[in-house]
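**Q** The file below is run-v5.csv, CSV, C-alpha atoms:
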chain,number,residue,atom,x,y,z
A,1,MET,CA,118.9,96.7,87.8
A,2,LEU,CA,120.2,93.4,89.1
A,3,PRO,CA,121.7,93.4,92.5
A,4,SER,CA,124.8,91.5,91.4
A,5,GLU,CA,127.0,91.2,88.4
A,6,SER,CA,127.4,87.5,88.8
A,7,ILE,CA,123.7,86.9,88.9
A,8,GLU,CA,123.3,89.1,85.8
A,9,ARG,CA,125.8,87.0,84.0
A,10,VAL,CA,124.0,83.7,84.8
A,11,VAL,CA,120.6,85.3,83.8
A,12,GLU,CA,122.1,86.3,80.5
A,13,LEU,CA,123.5,82.8,79.9
A,14,PHE,CA,120.3,81.1,80.8
A,15,ALA,CA,118.3,83.5,78.6
A,16,SER,CA,120.6,82.6,75.7
A,17,LEU,CA,119.3,78.9,75.8
A,18,PRO,CA,116.3,77.9,73.6
A,19,THR,CA,112.8,78.2,75.1
A,20,ILE,CA,114.1,80.3,78.1
A,21,GLY,CA,113.1,83.9,78.3
A,22,LYS,CA,114.5,86.6,80.6
A,23,LYS,CA,111.9,86.0,83.3
A,24,THR,CA,112.4,82.3,83.5
A,25,ALA,CA,116.2,82.9,83.4
A,26,ARG,CA,115.9,85.1,86.5
A,27,ARG,CA,113.8,82.5,88.2
A,28,LEU,CA,116.3,79.8,87.5
A,29,ALA,CA,119.2,81.9,88.8
A,30,PHE,CA,117.4,82.7,92.0
A,31,HIS,CA,116.5,79.0,92.3
A,32,LEU,CA,120.1,78.0,92.1
A,33,LEU,CA,121.0,80.7,94.7
A,34,ARG,CA,118.7,78.9,97.2
A,35,GLN,CA,120.5,75.6,96.6
A,36,SER,CA,123.6,74.5,98.5
A,37,GLU,CA,127.0,75.5,97.0
A,38,GLN,CA,127.7,71.8,96.6
A,39,ASP,CA,124.5,71.2,94.5
A,40,VAL,CA,125.4,74.0,92.2
A,41,GLU,CA,128.9,72.7,91.8
A,42,GLN,CA,127.5,69.3,90.9
A,43,PHE,CA,125.2,70.9,88.3
A,44,ALA,CA,128.2,72.8,86.8
A,45,THR,CA,130.4,69.7,86.7
A,46,ALA,CA,127.6,67.6,85.1
A,47,LEU,CA,127.5,70.2,82.2
A,48,THR,CA,131.3,70.3,81.6
A,49,GLU,CA,131.6,66.5,81.9
A,50,MET,CA,128.8,65.9,79.5
A,51,ARG,CA,130.3,68.3,76.9
A,52,SER,CA,133.8,66.8,77.3
A,53,ARG,CA,132.8,63.1,77.4
A,54,VAL,CA,130.1,63.0,74.8
A,55,ARG,CA,131.3,62.5,71.2
A,56,GLU,CA,129.8,61.1,68.0
A,57,CYS,CA,129.5,57.3,67.7
A,58,GLY,CA,132.1,56.0,65.2
A,59,VAL,CA,129.5,54.1,63.3
A,60,CYS,CA,126.2,56.0,63.4
A,61,HIS,CA,127.4,59.4,64.6
A,62,THR,CA,124.8,59.8,67.4
A,63,PHE,CA,125.9,61.2,70.7
A,64,THR,CA,127.5,58.7,73.1
A,65,ASP,CA,130.0,58.4,76.0
A,66,ALA,CA,131.8,55.5,74.3
A,67,ASP,CA,133.6,55.1,70.9
A,68,VAL,CA,130.6,53.1,69.6
A,69,CYS,CA,127.1,53.8,70.9
A,70,GLY,CA,125.0,51.2,72.8
A,71,ILE,CA,122.7,50.6,69.8
A,72,CYS,CA,125.6,50.0,67.3
A,73,ALA,CA,127.4,47.8,69.8
A,74,SER,CA,124.3,45.7,70.5
A,75,PRO,CA,124.3,42.2,68.8
A,76,LYS,CA,120.4,42.3,69.0
A,77,ARG,CA,120.2,45.1,66.4
A,78,THR,CA,120.1,44.0,62.8
A,79,GLN,CA,122.8,45.5,60.5
A,80,SER,CA,120.6,45.1,57.5
A,81,VAL,CA,118.3,48.2,58.1
A,82,ILE,CA,119.6,51.7,58.6
A,83,CYS,CA,117.3,54.5,59.7
A,84,VAL,CA,118.6,58.0,58.7
A,85,VAL,CA,117.7,60.9,60.9
A,86,GLU,CA,118.8,64.6,61.3
A,87,GLN,CA,119.6,64.8,65.0
A,88,PRO,CA,120.6,62.5,67.9
A,89,SER,CA,117.3,63.6,69.6
A,90,ASP,CA,115.5,61.9,66.7
A,91,VAL,CA,117.2,58.7,67.6
A,92,MET,CA,115.8,59.0,71.1
A,93,ALA,CA,112.3,59.7,69.8
A,94,ILE,CA,112.3,56.6,67.6
A,95,GLU,CA,113.9,54.5,70.4
A,96,ARG,CA,111.0,55.5,72.7
A,97,THR,CA,108.5,53.7,70.4
A,98,GLY,CA,110.5,50.5,70.9
A,99,ASP,CA,109.5,49.2,67.4
A,100,PHE,CA,112.6,49.7,65.4
A,101,ARG,CA,115.2,47.0,65.6
A,102,GLY,CA,117.7,48.2,63.1
A,103,ARG,CA,120.5,50.8,63.4
A,104,TYR,CA,120.7,54.5,62.9
A,105,HIS,CA,122.7,57.1,61.0
A,106,VAL,CA,122.6,60.7,62.2
A,107,LEU,CA,123.3,63.4,59.6
A,108,HIS,CA,123.6,66.2,62.2
A,109,GLY,CA,121.4,68.5,60.2
A,110,ALA,CA,119.7,68.8,56.8
A,111,LEU,CA,120.7,70.5,53.6
A,112,SER,CA,119.9,74.2,53.8
A,113,PRO,CA,121.6,76.4,51.1
A,114,LEU,CA,120.2,79.6,52.7
A,115,ASP,CA,121.9,78.8,56.0
A,116,GLY,CA,125.1,77.7,54.1
A,117,ILE,CA,124.6,74.0,55.0
A,118,GLY,CA,125.8,71.9,52.1
A,119,PRO,CA,126.4,68.1,51.7
A,120,GLU,CA,129.9,68.3,53.2
A,121,ASP,CA,128.5,69.7,56.4
A,122,LEU,CA,126.5,66.5,57.0
A,123,ARG,CA,127.6,62.9,57.7
A,124,LEU,CA,126.6,61.9,54.1
A,125,LYS,CA,129.9,60.4,53.0
A,126,GLU,CA,129.8,58.3,56.1
A,127,LEU,CA,126.2,57.2,55.2
A,128,ILE,CA,127.2,56.1,51.7
A,129,ALA,CA,130.2,54.2,53.1
A,130,ARG,CA,127.8,52.2,55.3
A,131,MET,CA,125.6,51.1,52.3
A,132,THR,CA,127.4,47.8,51.9
A,133,PRO,CA,125.7,44.7,50.2
A,134,GLU,CA,124.5,43.4,53.6
A,135,VAL,CA,122.3,46.5,54.0
A,136,GLU,CA,118.8,45.6,52.7
A,137,GLU,CA,116.9,48.8,53.4
A,138,VAL,CA,117.7,52.4,54.3
A,139,ILE,CA,114.7,54.2,55.9
A,140,LEU,CA,114.8,58.0,55.6
A,141,ALA,CA,113.2,59.6,58.6
A,142,LEU,CA,114.1,63.2,58.1
A,143,ASN,CA,111.9,66.1,59.3
A,144,PRO,CA,108.8,66.9,57.1
A,145,THR,CA,110.2,70.3,56.3
A,146,VAL,CA,111.6,71.8,53.1
A,147,GLU,CA,115.2,71.1,54.3
A,148,GLY,CA,114.3,67.5,55.2
A,149,GLU,CA,112.5,67.0,51.9
A,150,VAL,CA,115.5,68.3,49.9
A,151,THR,CA,117.9,66.1,51.9
A,152,THR,CA,115.6,63.1,51.4
A,153,GLN,CA,115.7,63.6,47.6
A,154,TYR,CA,119.4,64.2,47.6
A,155,ILE,CA,120.2,60.9,49.5
A,156,ALA,CA,117.8,59.0,47.2
A,157,LYS,CA,119.7,60.3,44.1
A,158,LEU,CA,123.1,59.8,45.7
A,159,SER,CA,122.5,56.2,46.6
A,160,SER,CA,120.6,55.0,43.5
A,161,PRO,CA,123.8,53.6,41.8
A,162,LEU,CA,124.3,51.4,44.9
A,163,GLY,CA,121.1,49.5,44.3
A,164,VAL,CA,120.0,49.6,48.0
A,165,ARG,CA,116.3,49.8,48.7
A,166,ILE,CA,115.5,53.3,50.0
A,167,THR,CA,112.2,54.1,51.7
A,168,ARG,CA,110.9,57.0,53.6
A,169,ILE,CA,108.5,57.2,56.6
A,170,ALA,CA,104.9,58.0,55.9
A,171,ARG,CA,103.6,61.5,56.1
A,172,GLY,CA,99.9,61.9,57.0
A,173,VAL,CA,97.5,62.9,59.7
A,174,PRO,CA,98.9,62.4,63.2
A,175,MET,CA,97.2,60.0,65.6
A,176,GLY,CA,94.7,61.5,67.9
A,177,SER,CA,94.4,64.7,65.8
A,178,ASP,CA,91.2,66.1,64.2
A,179,LEU,CA,91.0,65.8,60.3
A,180,GLU,CA,89.1,69.2,60.3
A,181,PHE,CA,92.2,71.0,61.6
A,182,ALA,CA,94.8,69.2,59.5
A,183,ASP,CA,96.7,71.5,57.1
A,184,ASP,CA,96.3,71.1,53.3
A,185,ALA,CA,99.8,69.8,52.7
A,186,THR,CA,99.4,67.1,55.4
A,187,LEU,CA,96.0,66.0,54.1
A,188,ALA,CA,97.4,65.9,50.5
A,189,ARG,CA,100.2,63.6,51.7
A,190,ALA,CA,97.8,61.5,53.7
A,191,PHE,CA,95.7,60.8,50.5
A,192,GLU,CA,98.8,60.2,48.4
A,193,GLY,CA,100.1,57.7,50.9
A,194,ARG,CA,96.8,55.8,51.4
A,195,THR,CA,97.2,52.0,51.9
A,196,PRO,CA,94.8,49.2,51.0
A,197,LEU,CA,92.9,47.6,53.9
B,1,MET,CA,116.6,55.3,76.4
B,2,LEU,CA,119.2,58.0,76.3
B,3,PRO,CA,122.3,57.3,74.3
B,4,SER,CA,124.7,58.5,77.1
B,5,GLU,CA,124.8,58.5,80.9
B,6,SER,CA,126.3,62.0,81.1
B,7,ILE,CA,123.5,63.4,78.9
B,8,GLU,CA,121.0,61.6,81.0
B,9,ARG,CA,122.4,63.2,84.1
B,10,VAL,CA,122.3,66.7,82.7
B,11,VAL,CA,118.7,66.2,81.5
B,12,GLU,CA,117.7,65.1,85.0
B,13,LEU,CA,119.4,68.1,86.6
B,14,PHE,CA,117.8,70.6,84.1
B,15,ALA,CA,114.4,68.9,84.7
B,16,SER,CA,114.7,69.5,88.4
B,17,LEU,CA,114.7,73.2,87.9
B,18,PRO,CA,111.4,75.1,88.1
B,19,THR,CA,109.4,75.6,84.9
B,20,ILE,CA,111.6,73.1,83.0
B,21,GLY,CA,110.0,69.8,82.0
B,22,LYS,CA,111.7,66.6,80.6
B,23,LYS,CA,111.2,67.7,77.0
B,24,THR,CA,112.8,71.1,77.5
B,25,ALA,CA,115.5,69.6,79.6
B,26,ARG,CA,116.5,67.3,76.7
B,27,ARG,CA,116.4,70.2,74.3
B,28,LEU,CA,118.7,72.2,76.5
B,29,ALA,CA,121.2,69.4,76.9
B,30,PHE,CA,121.3,68.8,73.1
B,31,HIS,CA,121.7,72.6,72.6
B,32,LEU,CA,124.7,72.6,74.9
B,33,LEU,CA,126.2,69.6,73.1
B,34,ARG,CA,126.2,71.7,69.9
B,35,GLN,CA,128.1,74.6,71.7
B,36,SER,CA,131.9,74.6,71.9
B,37,GLU,CA,133.6,73.0,74.9
B,38,GLN,CA,134.8,76.5,75.9
B,39,ASP,CA,131.3,77.9,75.9
B,40,VAL,CA,129.9,75.2,78.1
B,41,GLU,CA,132.9,75.6,80.5
B,42,GLN,CA,132.1,79.3,80.8
B,43,PHE,CA,128.4,78.5,81.5
B,44,ALA,CA,129.4,76.1,84.3
B,45,THR,CA,131.9,78.6,85.7
B,46,ALA,CA,129.3,81.3,85.8
B,47,LEU,CA,127.0,79.1,87.8
B,48,THR,CA,129.6,78.2,90.5
B,49,GLU,CA,131.0,81.7,90.6
B,50,MET,CA,127.5,83.1,91.2
B,51,ARG,CA,126.8,80.7,93.9
B,52,SER,CA,130.1,81.2,95.7
B,53,ARG,CA,130.3,85.0,95.3
B,54,VAL,CA,126.7,86.0,96.0
B,55,ARG,CA,125.8,86.5,99.6
B,56,GLU,CA,123.2,88.5,101.6
B,57,CYS,CA,123.7,92.2,102.0
B,58,GLY,CA,124.7,93.0,105.6
B,59,VAL,CA,122.0,95.6,105.8
B,60,CYS,CA,119.0,94.7,103.8
B,61,HIS,CA,119.7,90.9,103.2
B,62,THR,CA,119.1,91.0,99.4
B,63,PHE,CA,121.6,89.1,97.2
B,64,THR,CA,124.8,90.9,96.3
B,65,ASP,CA,128.4,90.4,95.3
B,66,ALA,CA,129.7,92.8,98.0
B,67,ASP,CA,129.3,93.1,101.8
B,68,VAL,CA,126.7,95.8,101.3
B,69,CYS,CA,124.5,95.9,98.2
B,70,GLY,CA,124.5,98.8,95.7
B,71,ILE,CA,121.2,100.2,97.0
B,72,CYS,CA,122.2,100.2,100.7
B,73,ALA,CA,125.6,101.8,99.8
B,74,SER,CA,124.0,104.5,97.6
B,75,PRO,CA,123.9,108.0,99.3
B,76,LYS,CA,121.0,108.8,97.0
B,77,ARG,CA,118.7,106.4,98.7
B,78,THR,CA,116.9,107.7,101.8
B,79,GLN,CA,117.4,105.8,105.1
B,80,SER,CA,114.0,107.0,106.4
B,81,VAL,CA,111.8,104.6,104.3
B,82,ILE,CA,112.2,100.8,104.4
B,83,CYS,CA,110.3,98.5,102.0
B,84,VAL,CA,109.9,95.0,103.3
B,85,VAL,CA,109.7,92.2,100.7
B,86,GLU,CA,109.8,88.4,100.7
B,87,GLN,CA,112.5,87.7,98.1
B,88,PRO,CA,115.5,89.4,96.4
B,89,SER,CA,113.6,89.0,93.1
B,90,ASP,CA,110.9,91.3,94.6
B,91,VAL,CA,113.6,94.0,95.1
B,92,MET,CA,114.4,93.7,91.3
B,93,ALA,CA,110.7,94.0,90.4
B,94,ILE,CA,110.2,97.2,92.5
B,95,GLU,CA,113.5,98.6,91.2
B,96,ARG,CA,112.3,98.2,87.6
B,97,THR,CA,109.5,100.7,88.3
B,98,GLY,CA,112.2,103.3,89.3
B,99,ASP,CA,109.7,105.0,91.6
B,100,PHE,CA,110.9,103.9,95.0
B,101,ARG,CA,113.9,105.9,96.5
B,102,GLY,CA,114.1,104.3,99.9
B,103,ARG,CA,115.8,101.1,101.0
B,104,TYR,CA,114.7,97.5,101.2
B,105,HIS,CA,114.6,94.7,103.7
B,106,VAL,CA,114.4,91.1,102.4
B,107,LEU,CA,112.8,88.5,104.7
B,108,HIS,CA,113.7,85.5,102.6
B,109,GLY,CA,110.3,84.0,102.8
B,110,ALA,CA,107.0,84.4,104.6
B,111,LEU,CA,105.5,82.8,107.7
B,112,SER,CA,104.1,79.4,106.8
B,113,PRO,CA,103.4,77.1,109.8
B,114,LEU,CA,102.4,74.3,107.4
B,115,ASP,CA,105.8,74.3,105.8
B,116,GLY,CA,107.5,74.7,109.1
B,117,ILE,CA,108.6,78.3,108.4
B,118,GLY,CA,108.4,80.3,111.7
B,119,PRO,CA,109.6,83.8,112.6
B,120,GLU,CA,113.2,82.6,113.4
B,121,ASP,CA,113.5,81.4,109.7
B,122,LEU,CA,113.0,84.9,108.4
B,123,ARG,CA,115.2,88.1,108.7
B,124,LEU,CA,112.7,89.5,111.3
B,125,LYS,CA,115.0,90.2,114.2
B,126,GLU,CA,117.2,92.1,111.7
B,127,LEU,CA,114.2,94.1,110.5
B,128,ILE,CA,113.2,95.2,114.0
B,129,ALA,CA,116.9,96.2,114.7
B,130,ARG,CA,116.7,98.5,111.7
B,131,MET,CA,113.6,100.3,112.9
B,132,THR,CA,115.6,103.2,114.5
B,133,PRO,CA,114.1,106.6,115.2
B,134,GLU,CA,115.3,108.0,111.9
B,135,VAL,CA,113.0,105.5,110.1
B,136,GLU,CA,109.8,107.3,109.3
B,137,GLU,CA,107.9,104.6,107.4
B,138,VAL,CA,108.1,100.9,106.9
B,139,ILE,CA,106.2,99.8,103.7
B,140,LEU,CA,105.2,96.1,103.7
B,141,ALA,CA,105.2,94.8,100.2
B,142,LEU,CA,104.7,91.1,100.8
B,143,ASN,CA,102.9,88.8,98.4
B,144,PRO,CA,99.0,89.0,98.4
B,145,THR,CA,98.8,85.4,99.6
B,146,VAL,CA,97.8,83.8,102.9
B,147,GLU,CA,101.4,83.6,104.0
B,148,GLY,CA,102.1,87.2,103.0
B,149,GLU,CA,99.0,88.3,104.8
B,150,VAL,CA,100.0,86.5,108.0
B,151,THR,CA,103.5,87.9,107.9
B,152,THR,CA,102.2,91.4,107.3
B,153,GLN,CA,100.0,91.2,110.4
B,154,TYR,CA,102.8,89.6,112.4
B,155,ILE,CA,105.2,92.5,111.5
B,156,ALA,CA,102.6,95.1,112.2
B,157,LYS,CA,102.0,93.6,115.7
B,158,LEU,CA,105.7,93.1,116.4
B,159,SER,CA,106.7,96.7,115.5
B,160,SER,CA,103.7,98.5,117.2
B,161,PRO,CA,105.6,99.2,120.4
B,162,LEU,CA,108.3,101.0,118.4
B,163,GLY,CA,106.0,103.7,117.2
B,164,VAL,CA,107.2,103.5,113.5
B,165,ARG,CA,104.6,104.2,110.8
B,166,ILE,CA,103.8,100.9,109.1
B,167,THR,CA,102.0,100.9,105.8
B,168,ARG,CA,101.2,98.2,103.2
B,169,ILE,CA,101.0,98.4,99.4
B,170,ALA,CA,97.5,98.6,97.9
B,171,ARG,CA,95.7,95.5,96.7
B,172,GLY,CA,93.2,96.0,93.9
B,173,VAL,CA,92.5,95.4,90.3
B,174,PRO,CA,95.7,95.3,88.2
B,175,MET,CA,96.3,97.9,85.5
B,176,GLY,CA,95.2,96.8,82.0
B,177,SER,CA,93.0,94.0,83.4
B,178,ASP,CA,89.2,93.6,82.9
B,179,LEU,CA,87.0,94.2,85.9
B,180,GLU,CA,84.7,91.5,84.6
B,181,PHE,CA,87.3,88.8,85.2
B,182,ALA,CA,88.7,90.1,88.5
B,183,ASP,CA,88.2,87.5,91.3
B,184,ASP,CA,86.0,88.3,94.3
B,185,ALA,CA,88.8,88.8,96.8
B,186,THR,CA,90.6,91.2,94.6
B,187,LEU,CA,87.4,93.2,93.9
B,188,ALA,CA,86.6,93.3,97.6
B,189,ARG,CA,90.1,94.7,98.4
B,190,ALA,CA,89.8,97.2,95.6
B,191,PHE,CA,86.5,98.6,97.0
B,192,GLU,CA,87.9,98.5,100.6
B,193,GLY,CA,91.0,100.5,99.4
B,194,ARG,CA,89.2,103.1,97.3
B,195,THR,CA,90.7,106.6,97.4
B,196,PRO,CA,89.0,110.0,97.0
B,197,LEU,CA,89.5,111.8,93.7
Write the structure described by the file as structure tokens, please.
**A**
Amino acid sequence: MLPSESIERVVELFASLPTIGKKTARRLAFHLLRQSEQDVEQFATALTEMRSRVRECGVCHTFTDADVCGICASPKRTQSVICVVEQPSDVMAIERTGDFRGRYHVLHGALSPLDGIGPEDLRLKELIARMTPEVEEVILALNPTVEGEVTTQYIAKLSSPLGVRITRIARGVPMGSDLEFADDATLARAFEGRTPL
Amino acid sequence: MLPSESIERVVELFASLPTIGKKTARRLAFHLLRQSEQDVEQFATALTEMRSRVRECGVCHTFTDADVCGICASPKRTQSVICVVEQPSDVMAIERTGDFRGRYHVLHGALSPLDGIGPEDLRLKELIARMTPEVEEVILALNPTVEGEVTTQYIAKLSSPLGVRITRIARGVPMGSDLEFADDATLARAFEGRTPL
């Protein structure tokens, strides 16, 4: 029994978020109760502001506060290479490496017939529209899952009439890992994708 | 680099909560961006409503939406036994057992000179005021930590002139645990607190 309906409601809402269980949800609610009313207000406002301000970039469809995201608007990023990813969080992961100087295209998901996600649910039309003659390479960086694999093959087929060079990121043993514990599929891909020294 | 300032702000705020790291904070922010604007608004409102509605019960000082909490207002709960705990979350933990039929008193902390928490920072005056002649027993259920121990001794000393029976909950090996892995202090307490069969 919770001592208050409004605490109960917040606990339920926190527990509905990914990675947060009932116990952590309770802890978070009680933590907020020990904060000042003003701090909690700021937290709530940040959430609604984020949701209402953030939209998809008109070019690459990642999340942004502006009409066009900082990456697409930057003159330093080459227009000739497009990296295709599933989610805006993937853009952030690749940006952290600091190695990629092209632009992105976010599909907002991957093909998954079982979940009812078909081509029209992804930003695929928009991707094809971006494959103009000045684009030299489209790098597919989808998740190494069944859905990612299906989507990768689908895009490769879809874009073959356009004559654009399509590549995919390497799948192999992750850095710092132990070969002994790599799964069969990963090891098989690593051998398949071996490169000359 | 995050693609949006408003996402960055929410990630920071989530990461400032206990048990939530930067990675989980990012995941939560992106989860909320995939929810409807209305859902996020409801979440934000639940937070501010909880913080503004919830206050301390006028009797036991646990968190409640009303002037007096459901436990203190219930005629089914005996007034003759008071269980003293550190936090409102401890009340919830004890209530889940369903065994305790008395009332509570929440101190909102424990004595901790190093953190600058003295007797005047806790609801100690209020506890002493509740130790009227009709109270037969005060059960101290503070955390088995140095701070909890110091506070337990302090309350015992403070209330000794009142002639109320003061007890403390047993400290010993937890149910379902393995004796082999119990720490020395716990084992010592378990032997000290042994009971006849």
**Q** Given the choices A:Asp67, A:Asp90, A:Glu56, A:Glu95, which gets closest to chain B if the distance is worked out from all atoms listed in the file?
**A**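 Nearest candidate to chain B out of A:Asp67, A:Asp90, A:Glu56, A:Glu95: A:Glu95.
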**Q** For chain A against chain B, with a cut-off of 6 Å and counting only C-alpha atoms, what is the closest atom pair and its distance in Å to one decimal for every residue that makes the cut, ordered by chain and number, as a Markdown table?
**A**
| residue | atom | partner | partner_atom | distance |
| --- | --- | --- | --- | --- |
| A:Pro3 | CA | B:Thr64 | CA | 5.5 |
| A:Ser4 | CA | B:Thr64 | CA | 4.9 |
| A:Ser6 | CA | B:Met50 | CA | 5.0 |
| A:Ile7 | CA | B:Met50 | CA | 5.8 |
| A:Val10 | CA | B:Ala46 | CA | 5.9 |
| A:Leu33 | CA | B:Arg51 | CA | 5.9 |
| A:Glu41 | CA | B:Thr48 | CA | 5.7 |
| A:Ala44 | CA | B:Ala44 | CA | 4.3 |
| A:Ala46 | CA | B:Val10 | CA | 5.9 |
| A:Thr48 | CA | B:Glu41 | CA | 5.6 |
| A:Met50 | CA | B:Ser6 | CA | 4.9 |
| A:Arg51 | CA | B:Leu33 | CA | 5.7 |
| A:Thr64 | CA | B:Ser4 | CA | 4.9 |
| A:Asp65 | CA | B:Ser4 | CA | 5.4 |
**Q** What residues have an atom no more than 12 Å from (116.2, 106.0, 113.1) in the file's own frame, counting only C-alpha atoms, and can you write them as a list of chain:residue names?
**A**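 Checking each residue against the 12 Å limit leaves B:Thr78, B:Gln79, B:Ser80, B:Val81, B:Ile82, B:Ile128, B:Ala129, B:Arg130, B:Met131, B:Thr132, B:Pro133, B:Glu134, B:Val135, B:Glu136, B:Glu137, B:Val138, B:Leu162, B:Gly163, B:Val164, B:Arg165.
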**Q** Which distance in Å separates CA of Ala190 (chain A) and CA of Val173 (chain A), to one decimal?
**A**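 One can read the CA of Ala190 (chain A) to CA of Val173 (chain A) distance as 6.2 Å.
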**Q** Measuring atom to atom with all atoms listed in the file, identify which of A:Gly58, A:Arg77, A:Leu124, A:Leu179 is nearest to Asp99 (chain A).
**A**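 Looking at the shortest contact to Asp99 (chain A), the residue is A:Arg77.
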**Q** Within 12 Å of Ala185 (chain A), counting all atoms listed in the file, which residues show up once you throw out same-chain ones fewer than 2 positions away? Write them as an NGL selection string, please.
**A** :A and (144-146 or 171-173 or 181-183 or 187-192)
